[in-house]
Structures are given as structure tokens and as C-alpha cells.
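Next comes my_file_17.pdb, a file with PDB, C-alpha atoms.
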ATOM      1  CA  MET A   1      -2.174 -69.015  89.364
ATOM      2  CA  LEU A   2      -2.433 -66.308  86.899
ATOM      3  CA  ILE A   3      -2.437 -68.840  84.168
ATOM      4  CA  LEU A   4      -5.187 -70.732  85.883
ATOM      5  CA  GLY A   5      -7.211 -67.532  86.277
ATOM      6  CA  ILE A   6      -6.957 -66.796  82.596
ATOM      7  CA  ALA A   7      -8.034 -70.300  81.744
ATOM      8  CA  ASP A   8     -11.044 -69.848  84.014
ATOM      9  CA  LEU A   9     -12.042 -66.916  81.887
ATOM     10  CA  GLY A  10     -12.111 -69.124  78.826
ATOM     11  CA  ILE A  11      -8.906 -67.836  77.282
ATOM     12  CA  ASN A  12      -6.523 -70.395  75.878
ATOM     13  CA  LEU A  13      -3.109 -68.916  76.535
ATOM     14  CA  PRO A  14      -1.100 -70.896  73.968
ATOM     15  CA  LEU A  15      -3.740 -70.055  71.369
ATOM     16  CA  LEU A  16      -3.653 -66.392  72.397
ATOM     17  CA  VAL A  17       0.129 -66.265  72.146
ATOM     18  CA  GLY A  18       0.008 -67.961  68.737
ATOM     19  CA  GLN A  19      -2.573 -65.480  67.515
ATOM     20  CA  LEU A  20      -0.461 -62.602  68.834
ATOM     21  CA  VAL A  21       2.603 -63.983  67.042
ATOM     22  CA  ASN A  22       0.573 -64.533  63.873
ATOM     23  CA  PHE A  23      -0.830 -61.012  64.126
ATOM     24  CA  THR A  24       2.624 -59.521  64.612
ATOM     25  CA  ILE A  25       4.015 -61.493  61.654
ATOM     26  CA  LEU A  26       1.057 -60.451  59.552
ATOM     27  CA  LEU A  27       1.556 -56.834  60.643
ATOM     28  CA  VAL A  28       5.267 -56.957  59.720
ATOM     29  CA  VAL A  29       4.540 -58.627  56.370
ATOM     30  CA  LEU A  30       1.793 -56.161  55.568
ATOM     31  CA  ARG A  31       4.051 -53.288  56.573
ATOM     32  CA  LEU A  32       6.808 -54.553  54.281
ATOM     33  CA  VAL A  33       4.641 -55.708  51.402
ATOM     34  CA  ALA A  34       1.544 -53.521  51.368
ATOM     35  CA  TYR A  35       2.137 -50.430  53.494
ATOM     36  CA  GLY A  36       5.297 -49.248  51.660
ATOM     37  CA  PRO A  37       3.829 -49.507  48.126
ATOM     38  CA  LEU A  38       0.499 -48.179  49.359
ATOM     39  CA  MET A  39       2.226 -45.159  50.919
ATOM     40  CA  LYS A  40       4.288 -44.655  47.743
ATOM     41  CA  MET A  41       1.104 -44.791  45.682
ATOM     42  CA  LEU A  42      -0.634 -42.311  48.007
ATOM     43  CA  ASP A  43       2.427 -40.019  47.967
ATOM     44  CA  GLY A  44       2.512 -40.231  44.162
ATOM     45  CA  ARG A  45      -1.164 -39.443  43.982
ATOM     46  CA  ARG A  46      -0.742 -36.544  46.417
ATOM     47  CA  GLU A  47       2.113 -35.210  44.228
ATOM     48  CA  ARG A  48       0.020 -35.561  41.024
ATOM     49  CA  ILE A  49      -2.883 -33.749  42.690
ATOM     50  CA  ARG A  50      -0.516 -30.990  43.853
ATOM     51  CA  GLU A  51       0.932 -30.716  40.326
ATOM     52  CA  SER A  52      -2.571 -30.681  38.833
ATOM     53  CA  LEU A  53      -3.613 -27.914  41.206
ATOM     54  CA  SER A  54      -0.443 -25.993  40.388
ATOM     55  CA  ALA A  55      -1.044 -26.479  36.644
ATOM     56  CA  ALA A  56      -4.687 -25.408  37.058
ATOM     57  CA  GLU A  57      -3.580 -22.266  38.904
ATOM     58  CA  GLU A  58      -1.021 -21.562  36.188
ATOM     59  CA  MET A  59      -3.666 -22.079  33.500
ATOM     60  CA  ARG A  60      -6.042 -19.766  35.373
ATOM     61  CA  THR A  61      -3.300 -17.141  35.532
ATOM     62  CA  LYS A  62      -2.564 -17.577  31.821
ATOM     63  CA  ALA A  63      -6.278 -17.370  31.013
ATOM     64  CA  ALA A  64      -6.577 -14.148  33.019
ATOM     65  CA  GLU A  65      -3.517 -12.722  31.223
ATOM     66  CA  SER A  66      -4.924 -13.822  27.861
ATOM     67  CA  ASP A  67      -8.261 -12.237  28.733
ATOM     68  CA  ARG A  68      -6.479  -8.995  29.675
ATOM     69  CA  GLN A  69      -4.543  -9.023  26.394
ATOM     70  CA  VAL A  70      -7.750  -9.610  24.426
ATOM     71  CA  HIS A  71      -9.386  -6.655  26.186
ATOM     72  CA  GLU A  72      -6.332  -4.501  25.458
ATOM     73  CA  GLN A  73      -6.409  -5.509  21.779
ATOM     74  CA  ILE A  74     -10.135  -4.776  21.581
ATOM     75  CA  GLU A  75      -9.577  -1.391  23.199
ATOM     76  CA  ALA A  76      -6.680  -0.648  20.831
ATOM     77  CA  ALA A  77      -8.831  -1.652  17.843
ATOM     78  CA  ARG A  78     -11.663   0.553  19.112
ATOM     79  CA  ARG A  79      -9.292   3.522  19.492
ATOM     80  CA  GLU A  80      -7.867   2.866  16.024
ATOM     81  CA  GLY A  81     -11.367   2.673  14.576
ATOM     82  CA  GLN A  82     -12.289   5.955  16.229
ATOM     83  CA  ALA A  83      -9.104   7.527  14.875
ATOM     84  CA  LEU A  84      -9.946   6.306  11.368
ATOM     85  CA  VAL A  85     -13.472   7.696  11.637
ATOM     86  CA  ALA A  86     -12.124  11.034  12.879
ATOM     87  CA  GLN A  87      -9.587  11.094  10.063
ATOM     88  CA  ALA A  88     -12.292  10.306   7.502
ATOM     89  CA  GLN A  89     -14.468  13.102   8.900
ATOM     90  CA  GLU A  90     -11.538  15.505   8.752
ATOM     91  CA  ILE A  91     -10.821  14.539   5.141
ATOM     92  CA  SER A  92     -14.510  14.939   4.315
ATOM     93  CA  GLN A  93     -14.590  18.405   5.872
ATOM     94  CA  ARG A  94     -11.406  19.361   4.026
ATOM     95  CA  ILE A  95     -12.864  18.137   0.717
ATOM     96  CA  GLN A  96     -16.071  20.081   1.388
ATOM     97  CA  ALA A  97     -14.082  23.210   2.239
ATOM     98  CA  ASP A  98     -11.987  22.792  -0.917
ATOM     99  CA  ALA A  99     -15.147  22.310  -2.988
ATOM    100  CA  ARG A 100     -16.705  25.430  -1.440
ATOM    101  CA  ALA A 101     -13.550  27.440  -2.082
ATOM    102  CA  GLN A 102     -13.385  26.194  -5.685
ATOM    103  CA  ALA A 103     -17.073  26.996  -6.210
ATOM    104  CA  GLN A 104     -16.521  30.476  -4.742
ATOM    105  CA  THR A 105     -13.505  31.009  -7.010
ATOM    106  CA  ASP A 106     -15.434  29.784 -10.046
ATOM    107  CA  ALA A 107     -18.375  32.023  -9.165
ATOM    108  CA  GLU A 108     -16.123  35.063  -8.736
ATOM    109  CA  ALA A 109     -14.406  34.327 -12.054
ATOM    110  CA  LEU A 110     -17.797  33.946 -13.751
ATOM    111  CA  ILE A 111     -19.006  37.226 -12.240
ATOM    112  CA  ALA A 112     -15.810  39.017 -13.309
ATOM    113  CA  ARG A 113     -16.134  37.625 -16.852
ATOM    114  CA  ALA A 114     -19.807  38.636 -16.962
ATOM    115  CA  ARG A 115     -18.899  42.164 -15.781
ATOM    116  CA  ASN A 116     -16.225  42.393 -18.449
ATOM    117  CA  GLU A 117     -18.670  41.221 -21.104
ATOM    118  CA  ILE A 118     -21.271  43.707 -19.861
ATOM    119  CA  GLN A 119     -18.683  46.499 -19.937
ATOM    120  CA  LEU A 120     -17.668  45.519 -23.474
ATOM    121  CA  GLU A 121     -21.319  45.416 -24.581
ATOM    122  CA  ARG A 122     -21.934  48.772 -22.924
ATOM    123  CA  ASP A 123     -18.880  50.312 -24.588
ATOM    124  CA  SER A 124     -19.920  48.810 -27.911
ATOM    125  CA  ALA A 125     -23.492  50.095 -27.495
ATOM    126  CA  ILE A 126     -22.233  53.589 -26.633
ATOM    127  CA  ALA A 127     -19.884  53.552 -29.637
ATOM    128  CA  GLU A 128     -22.728  52.375 -31.878
ATOM    129  CA  LEU A 129     -25.006  55.030 -30.409
ATOM    130  CA  ARG A 130     -22.393  57.727 -31.010
ATOM    131  CA  LYS A 131     -21.942  56.530 -34.583
ATOM    132  CA  GLU A 132     -25.672  56.545 -35.243
ATOM    133  CA  PHE A 133     -26.037  59.913 -33.535
ATOM    134  CA  ALA A 134     -23.198  61.292 -35.660
ATOM    135  CA  ASP A 135     -24.748  59.901 -38.848
ATOM    136  CA  THR A 136     -28.144  61.261 -37.878
ATOM    137  CA  ALA A 137     -26.660  64.668 -37.064
ATOM    138  CA  ILE A 138     -24.820  64.783 -40.399
ATOM    139  CA  ALA A 139     -27.923  63.732 -42.267
ATOM    140  CA  ALA A 140     -29.941  66.372 -40.435
ATOM    141  CA  ALA A 141     -27.302  69.011 -41.097
ATOM    142  CA  GLU A 142     -27.219  68.103 -44.806
ATOM    143  CA  LYS A 143     -30.936  68.482 -45.055
ATOM    144  CA  VAL A 144     -30.828  71.764 -43.224
ATOM    145  CA  ILE A 145     -28.114  73.174 -45.380
ATOM    146  CA  ASN A 146     -29.349  71.378 -48.465
ATOM    147  CA  ALA A 147     -25.828  70.920 -49.489
ATOM    148  CA  SER A 148     -23.449  68.056 -49.378
ATOM    149  CA  LEU A 149     -20.890  68.513 -46.677
ATOM    150  CA  ASP A 150     -17.656  66.674 -46.262
ATOM    151  CA  ARG A 151     -18.558  63.683 -44.107
ATOM    152  CA  GLY A 152     -15.081  63.210 -42.596
ATOM    153  CA  GLN A 153     -14.854  66.835 -41.528
ATOM    154  CA  HIS A 154     -18.352  66.802 -40.066
ATOM    155  CA  ARG A 155     -17.676  63.521 -38.218
ATOM    156  CA  ARG A 156     -14.580  65.072 -36.639
ATOM    157  CA  LEU A 157     -16.603  68.102 -35.551
ATOM    158  CA  ILE A 158     -19.355  65.897 -34.096
ATOM    159  CA  ASP A 159     -16.829  63.715 -32.238
ATOM    160  CA  GLU A 160     -15.325  66.846 -30.710
ATOM    161  CA  ALA A 161     -18.763  68.107 -29.737
ATOM    162  CA  LEU A 162     -19.649  64.750 -28.207
ATOM    163  CA  ALA A 163     -16.376  64.669 -26.289
ATOM    164  CA  GLU A 164     -17.316  68.004 -24.733
ATOM    165  CA  SER A 165     -20.959  67.040 -24.154
ATOM    166  CA  ARG A 166     -22.680  64.817 -21.560
ATOM    167  CA  PHE A 167     -21.726  61.581 -23.436
ATOM    168  CA  LYS A 168     -18.167  62.141 -22.287
ATOM    169  CA  GLY A 169     -18.883  60.472 -18.894
ATOM    170  CA  ALA A 170     -20.621  57.517 -20.527
ATOM    171  CA  VAL A 171     -17.566  56.424 -22.481
TER     172      VAL A 171
END
As C-alpha cells, what does this structure read like?
Amino acid sequence: MLILGIADLGINLPLLVGQLVNFTILLVVLRLVAYGPLMKMLDGRRERIRESLSAAEEMRTKAAESDRQVHEQIEAARREGQALVAQAQEISQRIQADARAQAQTDAEALIARARNEIQLERDSAIAELRKEFADTAIAAAEKVINASLDRGQHRRLIDEALAESRFKGAV
């Protein structure tokens, strides 16, 4: 009766059973032939994607580390450059100070030499003045006395008089 009721619905039972058997066989064959390799391929692809993501993360980490190292090197180079500039400025200031000190020393030596030369000229002028004064005094004394006096003796007397006079402080 059940079979007759199914046939009334327009279902051919032997055909339905055959299709079910065919479907089951096809399902088993596909599972053995296609599903296994397909799942292996999908698992392989999943593994490659995971490895690619892992490699990308590792590369990102390496890039960040490389970027940090570059920044550190740039900072180190900047500090080194600043140190070189500071050292150059210090050397420049030292050279300027040395040049100033040398110029000061040279100027003081020049002034001391000029003072010595002035003193020598002054002493020479005073000696020349004394000599001329002595000669003039002797000549005046000769004219006054109208006699020739001993020049050496008179010079000695004049030198003694000059030594006692106001020219004593000028010598």
C-alpha cells in the first residue's frame, strides 16, 4: 500500500532507489577522489597564507627595527657633527686667544725696545749736551781770561761742577 501510494504521487520507486544508489556512489567517489585532494590543496593554501602572514609580520618587525637603527645612526651622526663643530669653535677660540697673547707679547716687547732706544737717545743727547756745554764753557773761560788753559784740567773741573749741579738728576 505504501508503494502504491508513492506511485500515485508520480514517484517511480525503483528509479528513486537507483538514483539514491547512484548518488551515494557518486558521493563516495567524489569524497575519495576530489574531496581529499581538494582539502589537501585548501590546507596547503591555508598554510602558505599563514606562512606569508607570518613572513609579512616578521618583515614588518625587521623594517621597524631597521628604521629604528637608521634613526639612531642619524642621531649619532648629528651628535658627532655637533661635537666636531664645538671642537672646531674651541680650536678657533684657542687660536684667537693665542694670537691675541702673541700680539700682546710682541707689542710689549716693541714698547720695551722703544723705551730702551728712547732712554739711550736721551742719555746720548744729555752726554752730547754736557760735552757741548763743557766746550762752550771752556771757550768762554778762555776768552775771559784771554789765556790758553789746559783743556783736560778744565774739562775735569766742569764735569765736577756739572755733577754737583742740576744736570746730575738728568743723567
(request) Work out how far apart CA of Leu53 (chain A) and CA of Met41 (chain A) are and give it in Å to one decimal. (result) 18.1 Å
(message) For a test of reading the model, state the distance in Å between CA of Ala161 (chain A) and CA of Arg130 (chain A), rounded to one decimal.
(response)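 Computed distance, CA of Ala161 (chain A) to CA of Arg130 (chain A), equals 11.1 Å.
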(request) Would you mind reading off the distance between CA of Asp135 (chain A) and CA of Gly152 (chain A), one decimal, in Å? (result) 10.9 Å
(message) So, with all atoms listed in the file as the atoms that count, which of A:Ala137, A:Ala107, A:Met59, A:Ser124 lies closest to His154 (chain A)?
(response) A:Ala137
(message) Translate the PyMOL selection byres ((chain A and resi 158) around 12) into a concrete residue list for this structure, as a VMD selection string.
(response) chain A and resid 130 to 138 141 151 to 157 159 to 165 167
